[in-house]
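Participant: Structure file work_22.cif (mmCIF, C-alpha atoms) is given on the next line.
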data_run
#
loop_
_atom_site.label_atom_id
_atom_site.label_comp_id
_atom_site.auth_asym_id
_atom_site.auth_seq_id
_atom_site.Cartn_x
_atom_site.Cartn_y
_atom_site.Cartn_z
CA MET A 1 1.55 -43.81 56.25
CA THR A 2 -1.75 -45.17 57.51
CA LEU A 3 -2.90 -43.36 60.63
CA ALA A 4 -3.39 -45.57 63.66
CA ARG A 5 -6.91 -46.45 64.72
CA THR A 6 -7.01 -45.09 68.24
CA GLY A 7 -10.11 -47.14 69.04
CA ASP A 8 -8.41 -50.43 68.13
CA ALA A 9 -6.82 -51.85 71.29
CA ALA A 10 -4.89 -54.55 69.41
CA GLU A 11 -3.36 -51.98 67.08
CA LEU A 12 -2.33 -49.75 69.98
CA ASP A 13 -0.74 -52.78 71.62
CA ARG A 14 1.50 -53.23 68.56
CA PHE A 15 2.65 -49.62 68.79
CA ARG A 16 3.20 -50.02 72.53
CA GLU A 17 5.28 -53.13 71.85
CA ILE A 18 7.66 -51.39 69.44
CA GLN A 19 7.95 -48.38 71.76
CA ARG A 20 8.85 -50.64 74.68
CA LEU A 21 11.34 -52.50 72.51
CA SER A 22 12.97 -49.15 71.65
CA TYR A 23 13.25 -48.17 75.29
CA GLU A 24 14.65 -51.58 76.17
CA CYS A 25 17.29 -51.06 73.50
CA ALA A 26 18.16 -47.61 74.83
CA ALA A 27 18.43 -48.86 78.41
CA GLU A 28 20.68 -51.79 77.50
CA VAL A 29 22.95 -49.71 75.27
CA ALA A 30 23.12 -46.96 77.91
CA ALA A 31 24.09 -49.49 80.58
CA GLY A 32 27.04 -50.54 78.40
CA LEU A 33 28.37 -47.05 77.70
CA GLU A 34 31.85 -46.40 78.99
CA PRO A 35 34.43 -43.61 78.75
CA GLY A 36 35.89 -43.43 75.26
CA VAL A 37 32.93 -44.83 73.30
CA THR A 38 31.93 -42.61 70.37
CA GLU A 39 28.48 -41.53 69.25
CA ARG A 40 28.95 -43.61 66.11
CA GLU A 41 29.71 -46.73 68.09
CA ALA A 42 26.65 -46.20 70.31
CA CYS A 43 24.50 -45.94 67.18
CA ARG A 44 25.97 -49.11 65.73
CA ARG A 45 25.11 -50.92 68.96
CA MET A 46 21.52 -49.67 68.81
CA ARG A 47 21.06 -50.65 65.15
CA ARG A 48 22.50 -54.12 65.73
CA TRP A 49 20.39 -54.68 68.87
CA LEU A 50 17.16 -53.68 67.11
CA ARG A 51 17.82 -55.66 63.94
CA ASP A 52 18.52 -58.76 66.02
CA ARG A 53 15.02 -58.37 67.46
CA GLY A 54 13.11 -58.06 64.22
CA VAL A 55 13.26 -54.37 63.32
CA ASP A 56 13.02 -54.22 59.54
CA ASP A 57 12.70 -50.53 58.65
CA TRP A 58 13.20 -47.03 60.07
CA LEU A 59 11.56 -43.66 60.41
CA HIS A 60 15.14 -42.65 61.09
CA THR A 61 18.20 -44.61 62.11
CA PRO A 62 19.54 -44.12 65.67
CA PHE A 63 21.16 -40.90 66.84
CA ALA A 64 23.45 -40.37 69.82
CA TRP A 65 24.57 -37.03 71.22
CA PHE A 66 27.22 -36.69 73.93
CA GLY A 67 28.30 -33.77 76.10
CA ASP A 68 27.39 -30.30 74.83
CA ARG A 69 26.02 -31.87 71.68
CA THR A 70 22.99 -32.85 73.80
CA ALA A 71 22.26 -29.11 73.86
CA PHE A 72 22.89 -28.75 70.09
CA ARG A 73 25.50 -26.09 70.76
CA GLY A 74 26.75 -24.68 67.46
CA PHE A 75 24.33 -26.75 65.36
CA ARG A 76 23.61 -24.80 62.17
CA VAL A 77 23.21 -27.41 59.43
CA PRO A 78 21.29 -30.72 59.43
CA THR A 79 24.40 -32.88 59.06
CA GLN A 80 25.50 -31.84 62.56
CA PHE A 81 22.72 -34.02 64.01
CA LEU A 82 24.39 -37.13 62.60
CA PRO A 83 26.45 -39.27 64.99
CA SER A 84 30.01 -37.99 65.34
CA ARG A 85 33.34 -39.21 66.63
CA LYS A 86 32.82 -37.39 69.92
CA ARG A 87 33.85 -39.63 72.82
CA LEU A 88 31.94 -40.01 76.05
CA GLU A 89 33.66 -38.90 79.24
CA GLU A 90 32.84 -39.23 82.92
CA GLY A 91 30.13 -36.75 83.95
CA MET A 92 28.91 -36.22 80.38
CA PRO A 93 25.21 -36.23 79.54
CA TYR A 94 24.02 -38.28 76.59
CA ILE A 95 20.85 -38.68 74.52
CA LEU A 96 19.95 -41.81 72.58
CA ASP A 97 17.23 -41.33 69.96
CA MET A 98 15.80 -43.98 67.64
CA ALA A 99 12.75 -44.53 65.43
CA PRO A 100 12.49 -48.18 64.38
CA VAL A 101 9.73 -49.90 62.41
CA LYS A 102 8.70 -53.51 62.96
CA ARG A 103 6.15 -55.06 60.62
CA GLY A 104 4.94 -51.58 59.71
CA HIS A 105 4.42 -50.27 63.25
CA ALA A 106 6.71 -47.43 64.26
CA ALA A 107 7.99 -45.74 67.38
CA ASP A 108 10.20 -42.71 67.94
CA ILE A 109 11.84 -42.37 71.35
CA GLY A 110 14.39 -40.24 73.15
CA TYR A 111 16.34 -41.51 76.16
CA GLY A 112 18.53 -39.25 78.28
CA GLY A 113 21.15 -40.05 80.85
CA VAL A 114 24.55 -39.14 82.24
CA LEU A 115 27.74 -41.18 82.66
CA GLY A 116 28.42 -40.92 86.37
CA ASP A 117 27.27 -37.79 88.19
CA ASN A 118 26.19 -34.40 86.86
CA ARG A 119 24.16 -32.18 89.19
CA ILE A 120 23.07 -29.86 86.38
CA TRP A 121 21.67 -32.83 84.45
CA ASP A 122 19.80 -33.99 87.56
CA ARG A 123 18.14 -30.59 87.94
CA VAL A 124 17.21 -30.15 84.28
CA ASP A 125 15.87 -33.69 84.07
CA ALA A 126 13.73 -33.15 87.19
CA ASP A 127 12.27 -29.99 85.65
CA LEU A 128 11.57 -31.80 82.38
CA ALA A 129 8.80 -33.82 84.09
CA ALA A 130 6.51 -30.77 84.08
CA TYR A 131 6.36 -30.78 80.28
CA ARG A 132 4.78 -34.23 80.12
CA THR A 133 1.94 -33.08 82.37
CA LEU A 134 1.56 -29.68 80.69
CA ILE A 135 1.37 -31.04 77.15
CA LEU A 136 -1.19 -33.70 78.04
CA ASP A 137 -3.39 -31.24 79.95
CA LEU A 138 -3.42 -28.72 77.09
CA VAL A 139 -4.17 -31.34 74.45
CA ARG A 140 -7.10 -32.50 76.57
CA GLU A 141 -8.30 -28.89 76.69
CA ARG A 142 -8.24 -28.94 72.86
CA ARG A 143 -5.86 -26.01 72.63
CA THR A 144 -4.35 -25.64 69.19
CA PHE A 145 -1.01 -27.29 68.58
CA ALA A 146 0.54 -23.86 67.97
CA ALA A 147 -0.85 -22.53 71.26
CA ILE A 148 0.53 -25.55 73.15
CA TYR A 149 3.92 -24.95 71.54
CA ALA A 150 3.79 -21.36 72.82
CA GLU A 151 2.90 -22.54 76.34
CA VAL A 152 5.87 -24.90 76.31
CA ASP A 153 8.08 -21.99 75.23
CA ALA A 154 6.74 -19.94 78.12
CA LEU A 155 7.55 -22.69 80.64
CA ILE A 156 11.07 -23.04 79.23
CA GLU A 157 11.58 -19.29 79.70
CA ARG A 158 10.23 -19.35 83.27
CA GLN A 159 12.58 -22.19 84.16
CA GLY A 160 15.55 -20.35 82.66
CA TYR A 161 16.36 -22.95 80.00
CA ASP A 162 16.86 -22.94 76.23
CA ASN A 163 14.39 -24.45 73.77
CA ARG A 164 16.31 -27.07 71.80
CA HIS A 165 13.47 -28.77 69.90
CA ARG A 166 13.28 -25.63 67.77
CA LYS A 167 16.60 -26.78 66.34
CA TYR A 168 15.00 -29.87 64.80
CA PRO A 169 14.00 -29.76 61.12
CA GLY A 170 10.71 -27.88 60.97
CA ARG A 171 11.24 -26.65 64.57
CA VAL A 172 8.99 -29.52 65.64
CA ILE A 173 8.03 -30.60 69.13
CA GLY A 174 6.17 -33.56 67.65
CA HIS A 175 5.03 -35.39 64.54
CA GLN A 176 2.44 -37.97 63.55
CA VAL A 177 3.27 -41.66 63.80
CA GLY A 178 1.44 -44.35 61.85
CA ILE A 179 1.80 -47.60 59.97
CA ILE A 180 4.60 -47.42 57.41
CA GLY A 181 4.09 -49.16 54.10
CA GLY A 182 3.99 -48.50 50.38
CA PRO A 183 5.46 -49.76 47.12
CA LEU A 184 9.01 -48.54 47.67
CA PRO A 185 11.54 -51.08 48.96
CA LYS A 186 12.73 -50.79 52.54
CA GLY A 187 15.90 -48.79 52.73
CA VAL A 188 17.52 -45.73 54.25
CA GLY A 189 18.08 -42.36 52.63
CA PHE A 190 20.38 -41.69 55.54
CA PRO A 191 19.27 -41.08 58.17
CA PHE A 192 15.58 -41.41 57.22
CA GLY A 193 13.77 -44.49 55.99
CA VAL A 194 12.88 -44.25 52.28
CA ARG A 195 9.29 -45.33 52.83
CA PHE A 196 8.91 -42.86 55.68
CA LEU A 197 10.14 -40.00 53.48
CA GLN A 198 7.65 -41.00 50.79
CA THR A 199 4.73 -41.19 53.18
CA ILE A 200 5.49 -38.07 55.22
CA GLY A 201 5.74 -36.11 51.98
CA ARG A 202 2.32 -37.36 50.93
CA GLU A 203 0.87 -36.56 54.36
CA LEU A 204 2.25 -33.01 54.23
CA VAL A 205 0.26 -32.41 51.04
CA THR A 206 -2.89 -34.21 52.21
CA GLU A 207 -2.98 -32.57 55.62
CA ARG A 208 -2.20 -29.13 54.21
CA MET A 209 -5.26 -29.41 51.98
CA ALA A 210 -7.30 -30.10 55.14
CA GLY A 211 -5.77 -27.12 56.94
CA ARG A 212 -3.56 -29.28 59.16
CA SER A 213 -0.02 -30.60 59.27
CA PRO A 214 1.57 -33.92 60.36
CA LEU A 215 4.31 -31.79 61.93
CA TRP A 216 3.69 -30.04 65.26
CA ASN A 217 5.41 -26.69 65.71
CA GLY A 218 4.51 -23.08 66.45
CA ALA A 219 3.72 -22.06 62.87
CA LYS A 220 0.31 -21.19 61.43
CA GLN A 221 0.10 -24.70 59.92
CA SER A 222 -0.21 -25.97 63.52
CA ALA A 223 -2.89 -23.45 64.52
CA HIS A 224 -5.58 -26.14 64.66
CA PRO A 225 -6.97 -28.39 67.41
CA PRO A 226 -5.08 -31.64 68.06
CA THR A 227 -5.56 -34.10 65.22
CA PRO A 228 -6.70 -37.57 66.33
CA GLY A 229 -4.01 -40.22 65.93
CA LEU A 230 -0.61 -41.02 67.39
CA TRP A 231 1.96 -38.27 67.93
CA ALA A 232 5.63 -38.65 68.85
CA VAL A 233 6.19 -35.76 71.26
CA GLU A 234 9.73 -34.60 72.09
CA PRO A 235 10.24 -31.55 74.32
CA HIS A 236 13.97 -30.85 74.48
CA ILE A 237 15.45 -28.30 76.90
CA ALA A 238 18.97 -27.29 77.85
CA PHE A 239 21.02 -25.31 80.32
CA ARG A 240 24.43 -24.28 79.01
CA GLY A 241 26.01 -27.46 77.66
CA VAL A 242 23.53 -29.91 79.15
CA GLY A 243 20.50 -30.97 77.08
CA VAL A 244 17.71 -33.29 78.22
CA LYS A 245 14.67 -34.62 76.38
CA PHE A 246 12.10 -37.35 76.33
CA GLU A 247 10.18 -38.62 73.33
CA GLU A 248 7.20 -40.94 73.42
CA ILE A 249 3.83 -41.53 71.78
CA LEU A 250 0.78 -39.48 72.71
CA VAL A 251 -2.63 -40.92 71.74
CA VAL A 252 -5.11 -38.25 70.65
CA THR A 253 -8.77 -39.17 70.21
CA GLY A 254 -11.70 -37.04 69.13
CA ASP A 255 -12.37 -35.88 72.70
CA ASP A 256 -9.46 -37.02 74.88
CA ALA A 257 -5.74 -37.79 74.99
CA TYR A 258 -3.38 -40.00 76.97
CA TRP A 259 0.19 -41.25 76.85
CA LEU A 260 0.42 -44.64 75.19
CA ASP A 261 2.48 -46.05 78.07
CA ASP A 262 3.18 -44.74 81.56
CA ASP A 263 5.70 -47.48 82.40
CA LEU A 264 8.73 -45.85 80.78
CA PRO A 265 12.23 -45.15 82.16
CA HIS A 266 11.87 -41.38 82.53
CA VAL A 267 8.42 -41.68 84.12
CA ARG A 268 9.74 -44.22 86.65
CA ARG A 269 12.79 -42.02 87.34
CA TRP A 270 10.65 -38.95 88.02
CA GLY A 271 8.31 -40.99 90.21
CA ALA A 272 11.23 -42.31 92.27
CA ARG A 273 12.40 -38.74 92.95
CA LYS A 274 9.04 -37.89 94.48
#
Starting from the file, lay out its structure as structure tokens.
Facilitator:
Amino acid sequence: MTLARTGDAAELDRFREIQRLSYECAAEVAAGLEPGVTEREACRRMRRWLRDRGVDDWLHTPFAWFGDRTAFRGFRVPTQFLPSRKRLEEGMPYILDMAPVKRGHAADIGYGGVLGDNRIWDRVDADLAAYRTLILDLVRERRTFAAIYAEVDALIERQGYDNRHRKYPGRVIGHQVGIIGGPLPKGVGFPFGVRFLQTIGRELVTERMAGRSPLWNGAKQSAHPPTPGLWAVEPHIAFRGVGVKFEEILVVTGDDAYWLDDDLPHVRRWGARK
């Protein structure tokens, strides 16, 4: 994985393009969800939509979680993250998550919604907006990644929610994103792309030698100032059986940080509420 050049506007545009394509996919698939569709079918729709538009590799193939699976209730082993036969029902929350690669440039996004009405989802989603502001402010202050993780935990506790990103492999709230390449053929070691697995493994070793990690969590490996580059950031919170998240790319430079794109569905939704 080649780290993105944050000072190269054309390169950032290519990452912005694949992120917008991912969100367009999520929005179109979400608009077509109906009672009875399964998580597996939603994932098939996302894969087909993306491949038809030039996606040629994956960080990971699409995920879909419906109902209380959005809150990862009862998740104890990694295979439980995989799309299931659970069927969507009226009033159920859902999360669509995908990480496509197009001509080497990658995105990793999370898109939340609800089929019909769910007042709990509305409240949790409204509260989720604070995490986007908090994370950006603390990265700009050059707090360590581990310290930012702890501040997010503290906000989750104050709001009375459960931290669900700690359920992800490595308990991550984020990870580096770059240009995927290498000698291995494109393919999927389900659900992760083969070339992504190769490169993230190499980055784990390389970054560890430098006292850093390409994974962002609350462990001592993340007790360092924000590393310049692109980071897919994914705070995920839940109340009872309702989980809500967003995931998008954060650009970190040597002395600043900003979200790659502010024209995204969740940002527009939060703005409309104001």
Participant: Rounded to one decimal in Å, what is the spacing between atom CA of A:Ser213 and atom CA of A:Ala147?
Facilitator: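 Atom CA of A:Ala147 lies at a distance of 14.5 Å from atom CA of A:Ser213.
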Participant: Hey, which of A:Val267, A:Ala223, A:Ala26, A:Leu230 ends up closest to A:Ile249? Count all atoms listed in the file.
Facilitator: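 Closest to A:Ile249 of all the choices is A:Leu230.
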Participant: Given all atoms listed in the file as the basis, pick out the residue of A:Asp162, A:Glu34, A:Glu151, A:Glu28 nearest to A:His236.
Facilitator: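 When distances to A:His236 are compared using all atoms listed in the file, the smallest one comes from A:Asp162.
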Participant: Find the residues with any atom within 8 Å of (-6.1, -36.5, 76.4); use all atoms listed in the file and the coordinates as given in the file, and write the answer as a list in words.
Facilitator: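 Those within range, by chain then number, are Leu136, Asp137, Val139, Arg140, Glu141, Val251, Val252, Thr253, Asp255, Asp256, Ala257, Tyr258 and Trp259 of chain A.
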Participant: Fewer than 5 positions away in the same chain doesn't count, so skip those; otherwise give me all residues within 7 Å of stretch 59-71 of chain A, counting only C-alpha atoms, as a ChimeraX atom specification.
Facilitator: /A:39,42-43,46-47,82-83,86,88,92-101,164,191-193,196,238,241-244
Participant: Could you dump the residues just selected with C-alpha atoms as a PDB file, in the coordinates of the input?
Facilitator:
ATOM      1  CA  GLU A  39      28.480 -41.530  69.250  1.00  0.00           C
ATOM      2  CA  ALA A  42      26.650 -46.200  70.310  1.00  0.00           C
ATOM      3  CA  CYS A  43      24.500 -45.940  67.180  1.00  0.00           C
ATOM      4  CA  MET A  46      21.520 -49.670  68.810  1.00  0.00           C
ATOM      5  CA  ARG A  47      21.060 -50.650  65.150  1.00  0.00           C
ATOM      6  CA  LEU A  82      24.390 -37.130  62.600  1.00  0.00           C
ATOM      7  CA  PRO A  83      26.450 -39.270  64.990  1.00  0.00           C
ATOM      8  CA  LYS A  86      32.820 -37.390  69.920  1.00  0.00           C
ATOM      9  CA  LEU A  88      31.940 -40.010  76.050  1.00  0.00           C
ATOM     10  CA  MET A  92      28.910 -36.220  80.380  1.00  0.00           C
ATOM     11  CA  PRO A  93      25.210 -36.230  79.540  1.00  0.00           C
ATOM     12  CA  TYR A  94      24.020 -38.280  76.590  1.00  0.00           C
ATOM     13  CA  ILE A  95      20.850 -38.680  74.520  1.00  0.00           C
ATOM     14  CA  LEU A  96      19.950 -41.810  72.580  1.00  0.00           C
ATOM     15  CA  ASP A  97      17.230 -41.330  69.960  1.00  0.00           C
ATOM     16  CA  MET A  98      15.800 -43.980  67.640  1.00  0.00           C
ATOM     17  CA  ALA A  99      12.750 -44.530  65.430  1.00  0.00           C
ATOM     18  CA  PRO A 100      12.490 -48.180  64.380  1.00  0.00           C
ATOM     19  CA  VAL A 101       9.730 -49.900  62.410  1.00  0.00           C
ATOM     20  CA  ARG A 164      16.310 -27.070  71.800  1.00  0.00           C
ATOM     21  CA  PRO A 191      19.270 -41.080  58.170  1.00  0.00           C
ATOM     22  CA  PHE A 192      15.580 -41.410  57.220  1.00  0.00           C
ATOM     23  CA  GLY A 193      13.770 -44.490  55.990  1.00  0.00           C
ATOM     24  CA  PHE A 196       8.910 -42.860  55.680  1.00  0.00           C
ATOM     25  CA  ALA A 238      18.970 -27.290  77.850  1.00  0.00           C
ATOM     26  CA  GLY A 241      26.010 -27.460  77.660  1.00  0.00           C
ATOM     27  CA  VAL A 242      23.530 -29.910  79.150  1.00  0.00           C
ATOM     28  CA  GLY A 243      20.500 -30.970  77.080  1.00  0.00           C
ATOM     29  CA  VAL A 244      17.710 -33.290  78.220  1.00  0.00           C
TER      30      VAL A 244
END
Participant: Would you list the contacts of A:Arg269 as an MDAnalysis selection string, taking every protein, DNA or RNA residue within 10 Å and counting all atoms listed in the file, but skipping same-chain residues closer than 5 positions in sequence?
Facilitator: chainID A and resid 125:126 129 264 274
Participant: Residue by residue, what does the PyMOL selection byres ((chain A and resi 35) around 9) grab here? Present the result as a list in words.
Facilitator: Leu33, Glu34, Gly36, Val37, Thr38, Arg87, Leu88, Glu89, Glu90 and Leu115 of chain A
Participant: Which of these, A:Cys25, A:Ala9, A:Ser84, A:Ile237, has the shortest distance to A:Arg123 once you count only C-alpha atoms?
Facilitator: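 When distances to A:Arg123 are compared using only C-alpha atoms, the smallest one comes from A:Ile237.
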Participant: Please report the interatomic distance between atom CA of A:Asp153 and atom CA of A:Arg171 in Å with one decimal.
Facilitator: 12.1 Å
Participant: For the point (5.6, -52.9, 57.3) in file coordinates, what residues are within 8 Å, counting all atoms listed in the file? Give the answer as a list in words?
Facilitator: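 Protein, DNA and RNA residues close to (5.6, -52.9, 57.3): Asp56, Asp57, Val101, Lys102, Arg103, Gly104, His105, Ile179, Ile180 and Gly181 of chain A.
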Participant: Output C-alpha atoms of each residue in that selection to a file, as a compact mmCIF listing (two decimals), in the coordinates of the input.
Facilitator:
# COMPACT_ATOMS: atom_id res chain seq x y z
CA ASP A 56 13.02 -54.22 59.54
CA ASP A 57 12.70 -50.53 58.65
CA VAL A 101 9.73 -49.90 62.41
CA LYS A 102 8.70 -53.51 62.96
CA ARG A 103 6.15 -55.06 60.62
CA GLY A 104 4.94 -51.58 59.71
CA HIS A 105 4.42 -50.27 63.25
CA ILE A 179 1.80 -47.60 59.97
CA ILE A 180 4.60 -47.42 57.41
CA GLY A 181 4.09 -49.16 54.10
Participant: Which of these, A:Pro226, A:Gly271, A:Gly112, A:Gly254, has the shortest distance to A:Arg142 once you count all atoms listed in the file?
Facilitator: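 When distances to A:Arg142 are compared using all atoms listed in the file, the smallest one comes from A:Pro226.
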Participant: Once the PyMOL selection byres ((chain A and resi 14-19) around 7) has been applied to the shown file, what residues remain in the selection, as a PyMOL selection string?
Facilitator: chain A and resi 10-13+20-23+102+105-107+260-261
Participant: Atom CA of A:Leu215 and atom CA of A:Tyr131 are how many Å apart?
Facilitator: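 We find that atom CA of A:Leu215 and atom CA of A:Tyr131 lie 18.5 Å from each other.
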Participant: Return the single residue from A:Val114, A:Ala30, A:Ala272, A:Val233 that is closest to A:Ile135, with distances computed using only C-alpha atoms.
Facilitator: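 Residue with the minimum atom-to-atom distance to A:Ile135: A:Val233.
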Participant: Would you mind telling me which residue in A:Arg240, A:Arg143, A:Arg76, A:Arg48 lies nearest to A:Val29 when using only C-alpha atoms?
Facilitator: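 Checking each of A:Arg240, A:Arg143, A:Arg76, A:Arg48 against A:Val29, counting only C-alpha atoms, the winner is A:Arg48.
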Participant: With only C-alpha atoms as the counted atoms, please give the residues lying no more than 12 Å from A:Pro169, apart from itself and same-chain residues fewer than 6 positions off, as a VMD selection string.
Facilitator: chain A and resid 75 to 81 175 215 to 217
Participant: Box time for stretch 126-131 of chain A: axis-aligned, enclosing all its listed atoms, 4 Å extra on each side; report centre and edge lengths in Å to one decimal, as AutoDock Vina command-line options.
Facilitator:
--center_x 10.0 --center_y -31.9 --center_z 83.7 --size_x 15.4 --size_y 11.8 --size_z 14.9
Participant: Could you please fill out stretch 235-247 of chain A with N, CA, C and O atoms and send it back as a PDB file, keeping the file's coordinate frame?
Facilitator:
ATOM      1  N   PRO A 235       9.692 -32.781  73.754  1.00  0.00           N
ATOM      2  CA  PRO A 235      10.240 -31.550  74.320  1.00  0.00           C
ATOM      3  C   PRO A 235      11.707 -31.725  74.675  1.00  0.00           C
ATOM      4  O   PRO A 235      12.092 -32.737  75.265  1.00  0.00           O
ATOM      5  N   HIS A 236      12.515 -30.743  74.323  1.00  0.00           N
ATOM      6  CA  HIS A 236      13.970 -30.850  74.480  1.00  0.00           C
ATOM      7  C   HIS A 236      14.451 -29.510  75.030  1.00  0.00           C
ATOM      8  O   HIS A 236      14.299 -28.471  74.372  1.00  0.00           O
ATOM      9  N   ILE A 237      15.012 -29.530  76.236  1.00  0.00           N
ATOM     10  CA  ILE A 237      15.450 -28.300  76.900  1.00  0.00           C
ATOM     11  C   ILE A 237      16.922 -28.424  77.262  1.00  0.00           C
ATOM     12  O   ILE A 237      17.478 -29.523  77.311  1.00  0.00           O
ATOM     13  N   ALA A 238      17.537 -27.262  77.523  1.00  0.00           N
ATOM     14  CA  ALA A 238      18.970 -27.290  77.850  1.00  0.00           C
ATOM     15  C   ALA A 238      19.343 -26.129  78.745  1.00  0.00           C
ATOM     16  O   ALA A 238      18.710 -25.061  78.719  1.00  0.00           O
ATOM     17  N   PHE A 239      20.378 -26.356  79.536  1.00  0.00           N
ATOM     18  CA  PHE A 239      21.020 -25.310  80.320  1.00  0.00           C
ATOM     19  C   PHE A 239      22.506 -25.382  80.035  1.00  0.00           C
ATOM     20  O   PHE A 239      23.150 -26.398  80.293  1.00  0.00           O
ATOM     21  N   ARG A 240      23.022 -24.299  79.436  1.00  0.00           N
ATOM     22  CA  ARG A 240      24.430 -24.280  79.010  1.00  0.00           C
ATOM     23  C   ARG A 240      24.728 -25.479  78.124  1.00  0.00           C
ATOM     24  O   ARG A 240      24.082 -25.665  77.106  1.00  0.00           O
ATOM     25  N   GLY A 241      25.647 -26.345  78.527  1.00  0.00           N
ATOM     26  CA  GLY A 241      26.010 -27.460  77.660  1.00  0.00           C
ATOM     27  C   GLY A 241      25.337 -28.767  77.998  1.00  0.00           C
ATOM     28  O   GLY A 241      25.801 -29.822  77.573  1.00  0.00           O
ATOM     29  N   VAL A 242      24.235 -28.698  78.734  1.00  0.00           N
ATOM     30  CA  VAL A 242      23.530 -29.910  79.150  1.00  0.00           C
ATOM     31  C   VAL A 242      22.119 -29.899  78.566  1.00  0.00           C
ATOM     32  O   VAL A 242      21.302 -29.040  78.922  1.00  0.00           O
ATOM     33  N   GLY A 243      21.832 -30.839  77.675  1.00  0.00           N
ATOM     34  CA  GLY A 243      20.500 -30.970  77.080  1.00  0.00           C
ATOM     35  C   GLY A 243      19.824 -32.232  77.560  1.00  0.00           C
ATOM     36  O   GLY A 243      20.471 -33.262  77.760  1.00  0.00           O
ATOM     37  N   VAL A 244      18.508 -32.143  77.763  1.00  0.00           N
ATOM     38  CA  VAL A 244      17.710 -33.290  78.220  1.00  0.00           C
ATOM     39  C   VAL A 244      16.401 -33.304  77.438  1.00  0.00           C
ATOM     40  O   VAL A 244      15.819 -32.244  77.179  1.00  0.00           O
ATOM     41  N   LYS A 245      15.951 -34.479  77.070  1.00  0.00           N
ATOM     42  CA  LYS A 245      14.670 -34.620  76.380  1.00  0.00           C
ATOM     43  C   LYS A 245      14.036 -35.948  76.752  1.00  0.00           C
ATOM     44  O   LYS A 245      14.694 -36.833  77.289  1.00  0.00           O
ATOM     45  N   PHE A 246      12.741 -36.050  76.443  1.00  0.00           N
ATOM     46  CA  PHE A 246      12.100 -37.350  76.330  1.00  0.00           C
ATOM     47  C   PHE A 246      11.333 -37.326  75.022  1.00  0.00           C
ATOM     48  O   PHE A 246      11.026 -36.259  74.479  1.00  0.00           O
ATOM     49  N   GLU A 247      11.039 -38.501  74.499  1.00  0.00           N
ATOM     50  CA  GLU A 247      10.180 -38.620  73.330  1.00  0.00           C
ATOM     51  C   GLU A 247       9.392 -39.908  73.456  1.00  0.00           C
ATOM     52  O   GLU A 247       9.960 -40.974  73.695  1.00  0.00           O
TER      53      GLU A 247
END
